[in-house]
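The file target30.txt comes next; it holds compact mmCIF, C-alpha atoms and all ligand atoms.
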# COMPACT_ATOMS: atom_id res chain seq x y z
CA MET B 1 99.27 -119.38 87.41
CA LEU B 2 101.41 -116.23 87.54
CA SER B 3 101.33 -116.03 91.35
CA LYS B 4 102.16 -119.73 91.75
CA THR B 5 104.69 -120.29 88.97
CA GLY B 6 105.78 -116.83 87.83
CA ILE B 7 104.60 -117.75 84.34
CA PRO B 8 101.76 -115.68 82.83
CA ILE B 9 98.95 -117.41 80.98
CA LEU B 10 98.29 -116.65 77.31
CA ALA B 11 95.48 -114.18 78.09
CA GLN B 12 97.81 -112.18 80.34
CA ILE B 13 100.53 -112.15 77.68
CA CYS B 14 98.09 -111.10 74.93
CA SER B 15 96.78 -108.28 77.13
CA LYS B 16 100.20 -106.63 76.86
CA PHE B 17 100.30 -106.74 73.04
CA PRO B 18 98.58 -104.36 70.62
CA SER B 19 96.91 -105.73 67.49
CA GLU B 20 99.19 -107.13 64.80
CA SER B 21 98.38 -104.16 62.55
CA VAL B 22 100.07 -101.91 65.13
CA LEU B 23 103.12 -104.18 65.18
CA ILE B 24 104.04 -103.32 61.60
CA HIS B 25 106.15 -100.76 63.46
CA PRO B 26 108.35 -101.75 66.43
CA LYS B 27 106.62 -101.30 69.78
CA ALA B 28 107.60 -101.86 73.42
CA ILE B 29 105.83 -104.77 75.07
CA ILE B 30 105.84 -104.37 78.83
CA GLU B 31 105.39 -107.63 80.70
CA CYS B 32 105.32 -106.08 84.15
CA TYR B 33 102.54 -107.90 86.00
CA GLU B 34 103.34 -107.34 89.68
CA GLU B 35 102.60 -104.14 91.59
CA ILE B 36 106.04 -102.98 92.74
CA PRO B 37 107.48 -99.54 93.55
CA CYS B 38 109.43 -99.04 90.33
CA ASN B 39 109.36 -96.54 87.47
CA PRO B 40 112.57 -96.24 85.38
CA CYS B 41 110.56 -97.24 82.31
CA THR B 42 108.42 -94.12 82.62
CA THR B 43 111.25 -91.69 83.36
CA SER B 44 113.50 -93.02 80.58
CA CYS B 45 110.97 -92.88 77.74
CA PRO B 46 111.70 -89.82 75.57
CA THR B 47 108.18 -89.72 74.12
CA LYS B 48 106.32 -90.17 77.44
CA ALA B 49 104.64 -93.26 76.06
CA ILE B 50 104.81 -95.12 79.39
CA THR B 51 102.86 -93.93 82.42
CA ILE B 52 102.15 -95.17 85.91
CA ASN B 53 98.91 -93.63 87.04
CA GLY B 54 98.54 -92.53 90.63
CA ASN B 55 100.35 -94.82 93.04
CA MET B 56 103.93 -95.69 92.01
CA ASN B 57 103.17 -99.31 92.88
CA HIS B 58 100.76 -99.54 89.96
CA CYS B 59 101.79 -101.42 86.84
CA PRO B 60 103.00 -99.29 83.91
CA GLU B 61 100.76 -98.65 80.93
CA ILE B 62 101.86 -97.80 77.40
CA ASP B 63 100.32 -95.63 74.72
CA PHE B 64 101.41 -97.48 71.58
CA SER B 65 100.66 -94.44 69.43
CA LYS B 66 103.50 -92.60 71.22
CA CYS B 67 106.01 -95.48 71.21
CA VAL B 68 108.65 -95.21 68.48
CA GLY B 69 110.34 -98.50 69.36
CA CYS B 70 113.65 -96.87 70.31
CA GLY B 71 114.45 -99.48 72.97
CA ILE B 72 115.64 -97.07 75.67
CA CYS B 73 113.11 -98.43 78.16
CA VAL B 74 114.38 -101.98 77.56
CA PHE B 75 117.81 -100.99 78.87
CA SER B 76 116.27 -99.06 81.76
CA CYS B 77 114.07 -101.78 83.21
CA PRO B 78 115.82 -103.55 86.10
CA GLY B 79 113.38 -106.43 85.83
CA LEU B 80 114.17 -107.17 82.14
CA ALA B 81 110.40 -106.96 81.66
CA ILE B 82 110.34 -105.01 78.39
CA MET B 83 111.07 -106.08 74.83
CA ILE B 84 110.54 -104.49 71.42
CA VAL B 85 108.37 -106.42 68.98
CA GLU B 86 107.66 -105.96 65.28
CA VAL B 87 105.89 -108.21 62.76
CA LYS B 88 107.16 -108.37 59.18
CA ASP B 89 105.64 -110.79 56.69
CA ASN B 90 105.74 -114.19 58.41
CA LYS B 91 108.43 -113.20 60.88
CA ALA B 92 108.39 -111.68 64.34
CA ILE B 93 111.33 -109.43 65.14
CA PHE B 94 112.13 -109.15 68.84
CA LYS B 95 114.67 -106.95 70.59
CA ILE B 96 115.23 -108.55 73.97
CA PRO B 97 117.38 -107.61 76.96
CA TYR B 98 120.19 -110.10 77.53
CA GLU B 99 122.71 -110.27 80.38
CA MET B 100 124.21 -113.74 79.91
CA LEU B 101 127.56 -114.84 78.51
CA PRO B 102 128.61 -115.83 75.95
CA LEU B 103 126.92 -113.26 73.79
CA PRO B 104 125.44 -114.37 70.49
CA GLN B 105 126.94 -113.06 67.26
CA LYS B 106 125.09 -111.63 64.27
CA GLY B 107 124.12 -114.37 61.82
CA GLU B 108 124.13 -117.21 64.35
CA VAL B 109 121.07 -119.36 64.91
CA TRP B 110 120.27 -120.00 68.57
CA ASP B 111 117.33 -121.76 70.15
CA ALA B 112 114.14 -119.77 70.71
CA ILE B 113 112.87 -120.33 74.27
CA ASN B 114 109.38 -119.91 75.72
CA ARG B 115 108.29 -118.78 79.18
CA GLN B 116 108.41 -122.37 80.43
CA GLY B 117 112.07 -122.62 79.37
CA GLN B 118 111.32 -124.96 76.48
CA ILE B 119 112.94 -124.85 73.04
CA ILE B 120 110.29 -123.78 70.51
CA GLY B 121 112.26 -123.28 67.31
CA PRO B 122 115.20 -121.49 65.70
CA ALA B 123 116.09 -117.87 66.47
CA LEU B 124 118.22 -115.98 63.94
CA ILE B 125 120.44 -113.38 65.61
CA GLU B 126 120.18 -110.19 63.55
CA LYS B 127 121.99 -107.65 65.73
CA VAL B 128 123.68 -107.24 69.12
CA SER B 129 123.59 -103.72 70.59
CA HIS B 130 124.70 -102.20 73.86
CA SER B 131 123.98 -99.00 75.71
CA PRO B 132 126.85 -96.80 76.92
CA VAL B 133 124.87 -96.23 80.12
CA HIS B 134 123.67 -99.74 80.95
CA ASN B 135 126.79 -101.59 79.85
CA LYS B 136 125.94 -104.97 81.38
CA THR B 137 122.72 -105.29 79.38
CA ARG B 138 122.74 -106.09 75.67
CA LEU B 139 119.86 -105.68 73.26
CA ILE B 140 119.66 -108.74 71.03
CA GLN B 141 117.62 -108.46 67.82
CA VAL B 142 116.19 -111.87 67.02
CA GLN B 143 114.02 -113.11 64.16
CA VAL B 144 111.62 -116.00 64.80
CA ASP B 145 108.60 -117.42 63.02
CA LYS B 146 105.49 -115.25 63.48
CA ALA B 147 103.67 -118.24 64.96
CA LEU B 148 105.89 -117.77 68.05
CA LEU B 149 104.73 -114.16 68.62
CA TYR B 150 103.10 -114.83 72.00
CA ASP B 151 105.37 -117.72 72.98
CA PHE B 152 108.95 -116.53 72.41
CA ILE B 153 110.68 -114.83 75.32
CA THR B 154 114.45 -115.42 75.10
CA ILE B 155 117.30 -117.28 73.45
CA LYS B 156 119.65 -120.09 74.41
CA GLU B 157 122.89 -121.08 72.73
CA LYS B 158 122.63 -124.29 70.75
CA THR B 159 124.74 -126.97 72.44
CA TYR B 160 124.44 -129.45 69.56
CA GLU B 161 123.32 -129.54 65.93
S1 LIG F 1 110.61 -98.11 72.99
FE1 LIG F 1 111.24 -95.95 73.23
S2 LIG F 1 109.40 -94.78 72.73
FE2 LIG F 1 108.72 -96.89 73.06
S3 LIG F 1 108.10 -96.94 75.23
FE3 LIG F 1 110.26 -97.59 75.14
S4 LIG F 1 111.47 -95.71 75.47
FE4 LIG F 1 109.36 -95.10 74.95
S1 LIG F 2 111.04 -100.39 84.97
FE1 LIG F 2 110.47 -102.51 84.46
S2 LIG F 2 110.03 -103.52 86.43
FE2 LIG F 2 110.00 -101.28 86.77
S3 LIG F 2 107.84 -100.68 86.54
FE3 LIG F 2 108.83 -100.40 84.54
S4 LIG F 2 108.47 -102.34 83.43
FE4 LIG F 2 108.08 -102.73 85.62

If you convert what's in this file into C-alpha cells, what do you get?
Ligand code: SF4
Ligand code: SF4
Amino acid sequence: MLSKTGIPILAQICSKFPSESVLIHPKAIIECYEEIPCNPCTTSCPTKAITINGNMNHCPEIDFSKCVGCGICVFSCPGLAIMIVEVKDNKAIFKIPYEMLPLPQKGEVWDAINRQGQIIGPALIEKVSHSPVHNKTRLIQVQVDKALLYDFITIKEKTYE
C-alpha cells in the first residue's frame, strides 16, 4: 500500500506510536517509512532521543523515554514527517508542521483530514507557533477527538458551514 499509494496502512501507523499510557505526555511520532539519506531529526534533538543506527539511509528510531515533546525535530524535518502527539481525557492533541497559507488562527475550527485526504471531523486550533530558524514552517496545535488518534494527519480550512 505504502509503495503504491504513499499511504501507510493502519499497522504501519500504529508501529510508530507508543502505548496510550505513554502519550499522557507529549511525544514525537516519526512517520518516516522510506530509507533515505537524511538525518536532521537526529542532529536537532537536544535529548538524543532520535537515532539512526548504522547506515544513514536507515529509518530513524525514537526512545520515547528520552523525548520531552519539545517539537524541535518537527521544525527540522524536511519531509514534514514528524508530529507531536498527546492524549488528554477524550481528546488527542497534535502539534503538526504546516506550510500552507492562509494560516489558521487560535480558536478557529478547521476540518480534520486523514491520510487519504478525507474530512474526518472538526479540529480545534489551540495554538500557532513558529521557529525563528525555520520561518516557513509553522507548528499548529490542534485538538481532535481521541477516536481520530491513528487517523488524523493534517487540517484544512472550512470552506462552508
Ligand atoms: S520532540 Fe524534542 S525531545 Fe522529542 S524527539 Fe523531537 S526534538 Fe527530541
Ligand atoms: S529528518 Fe524527517 S525525513 Fe529525514 S530521516 Fe528524520 S524523520 Fe525522516

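Taking all atoms listed in the file into account, B:Cys70 lies nearest to B:Val85 out of the set B:Val85, B:Met56, B:Ile36, B:Cys14.
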
Problem set entry | Point-to-point distance from atom CA of B:Ile72 to atom CA of B:Glu31, Å rounded to tenths | 15.6 Å

Would you mind listing, for every residue of chain B within 12 Å of ligand LIG 1 (chain F), the two atoms forming the shortest contact and the distance between them in Å to one decimal, using only C-alpha atoms and all ligand atoms, sorted by chain and ascending residue number, as a tab-separated table?
residue	atom	partner	partner_atom	distance
B:His25	CA	F:LIG1	FE2	10.7
B:Pro26	CA	F:LIG1	S1	7.8
B:Lys27	CA	F:LIG1	FE2	5.9
B:Ala28	CA	F:LIG1	S1	4.8
B:Ile29	CA	F:LIG1	S3	8.2
B:Ile30	CA	F:LIG1	S3	8.6
B:Pro40	CA	F:LIG1	S4	10.0
B:Cys41	CA	F:LIG1	S4	7.1
B:Thr42	CA	F:LIG1	FE4	7.8
B:Thr43	CA	F:LIG1	S4	8.9
B:Ser44	CA	F:LIG1	S4	6.1
B:Cys45	CA	F:LIG1	S4	3.7
B:Pro46	CA	F:LIG1	FE4	5.8
B:Thr47	CA	F:LIG1	S2	5.4
B:Lys48	CA	F:LIG1	FE4	6.3
B:Ala49	CA	F:LIG1	S3	5.1
B:Ile50	CA	F:LIG1	S3	5.6
B:Thr51	CA	F:LIG1	S3	9.4
B:Pro60	CA	F:LIG1	S3	10.3
B:Glu61	CA	F:LIG1	S3	9.4
B:Ile62	CA	F:LIG1	S3	6.7
B:Asp63	CA	F:LIG1	S3	7.9
B:Phe64	CA	F:LIG1	FE2	7.5
B:Ser65	CA	F:LIG1	FE2	9.2
B:Lys66	CA	F:LIG1	S2	6.5
B:Cys67	CA	F:LIG1	FE2	3.6
B:Val68	CA	F:LIG1	S2	4.3
B:Gly69	CA	F:LIG1	S1	3.7
B:Cys70	CA	F:LIG1	FE1	3.9
B:Gly71	CA	F:LIG1	S1	4.1
B:Ile72	CA	F:LIG1	S4	4.4
B:Cys73	CA	F:LIG1	S4	4.2
B:Val74	CA	F:LIG1	FE3	6.5
B:Phe75	CA	F:LIG1	S4	8.9
B:Ser76	CA	F:LIG1	S4	8.6
B:Cys77	CA	F:LIG1	FE3	9.9
B:Ala81	CA	F:LIG1	FE3	11.4
B:Ile82	CA	F:LIG1	FE3	8.1
B:Met83	CA	F:LIG1	S1	8.2
B:Ile84	CA	F:LIG1	S1	6.6
B:Val85	CA	F:LIG1	S1	9.5
B:Glu86	CA	F:LIG1	S1	11.4
B:Phe94	CA	F:LIG1	S1	11.9
B:Lys95	CA	F:LIG1	S1	10.0
B:Ile96	CA	F:LIG1	S1	11.5
B:Leu139	CA	F:LIG1	S1	12.0

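Distance check against ligand LIG 2 (chain F) using all atoms listed in the file: of B:Met100, B:Ile125, B:Ile119, B:Cys59, the minimum falls on B:Cys59.
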
Exercise. Could you pull the residues within 9 Å of B:Asn55, counting only C-alpha atoms, minus those fewer than 3 positions along the same chain, as an MDAnalysis selection string?
Worked result: chainID B and resid 37 52 58

For this session: Just give me the gap between atom CA of B:Val144 and atom CA of B:Ile113 in Å, one decimal is fine.
Result: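 Pair atom CA of B:Val144 / atom CA of B:Ile113 returns 10.5 Å.
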
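Here the question is which of B:Ile24, B:Cys38, B:Ile9, B:Ile140 gets nearest to ligand LIG 2 (chain F) using all atoms listed in the file, and that residue is B:Cys38.
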
Seminar exercise, completed: Computed gap from atom CA of B:Lys91 to atom CA of B:Gln141 is 12.5 Å

Problem set entry | Counting only C-alpha atoms and all ligand atoms, the residue of B:Lys158, B:Lys4, B:Lys16, B:Lys88 that sits nearest ligand LIG 2 (chain F) |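 The closest residue to ligand LIG 2 (chain F) is B:Lys16.
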
Can you tell me, as AutoDock Vina command-line options, the centre and edge lengths (Å, one decimal) of the axis-aligned box enclosing all of ligand LIG 2 (chain F)'s listed atoms after padding each side by 8 Å?
--center_x 109.4 --center_y -102.0 --center_z 85.1 --size_x 19.2 --size_y 19.1 --size_z 19.3

Problem set entry | Residues near B:Asp111, cut-off 7 Å, all atoms listed in the file, skip fewer than 4 positions along chain, as number ranges by chain | B: 119, 121-123, 155-158

Exercise. Could you name the residues that touch B:Pro8 at 12 Å or less, counting only C-alpha atoms, but leaving out those on the same chain fewer than 2 positions away, as a list in words?
Worked result: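 My list of contacting residues is Met1, Leu2, Ser3, Lys4, Thr5, Gly6, Leu10, Ala11, Gln12, Ile13, Cys14, Ser15, Lys16, Glu31, Cys32, Tyr33, Glu34, Asn114, Arg115, Gln116, Tyr150, Asp151 and Ile153 of chain B.
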
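For the choices B:Thr137, B:Gln118, B:Asn57, B:Asn90, the atom-to-atom distance to ligand LIG 2 (chain F) is smallest for B:Asn57 when using all atoms listed in the file.
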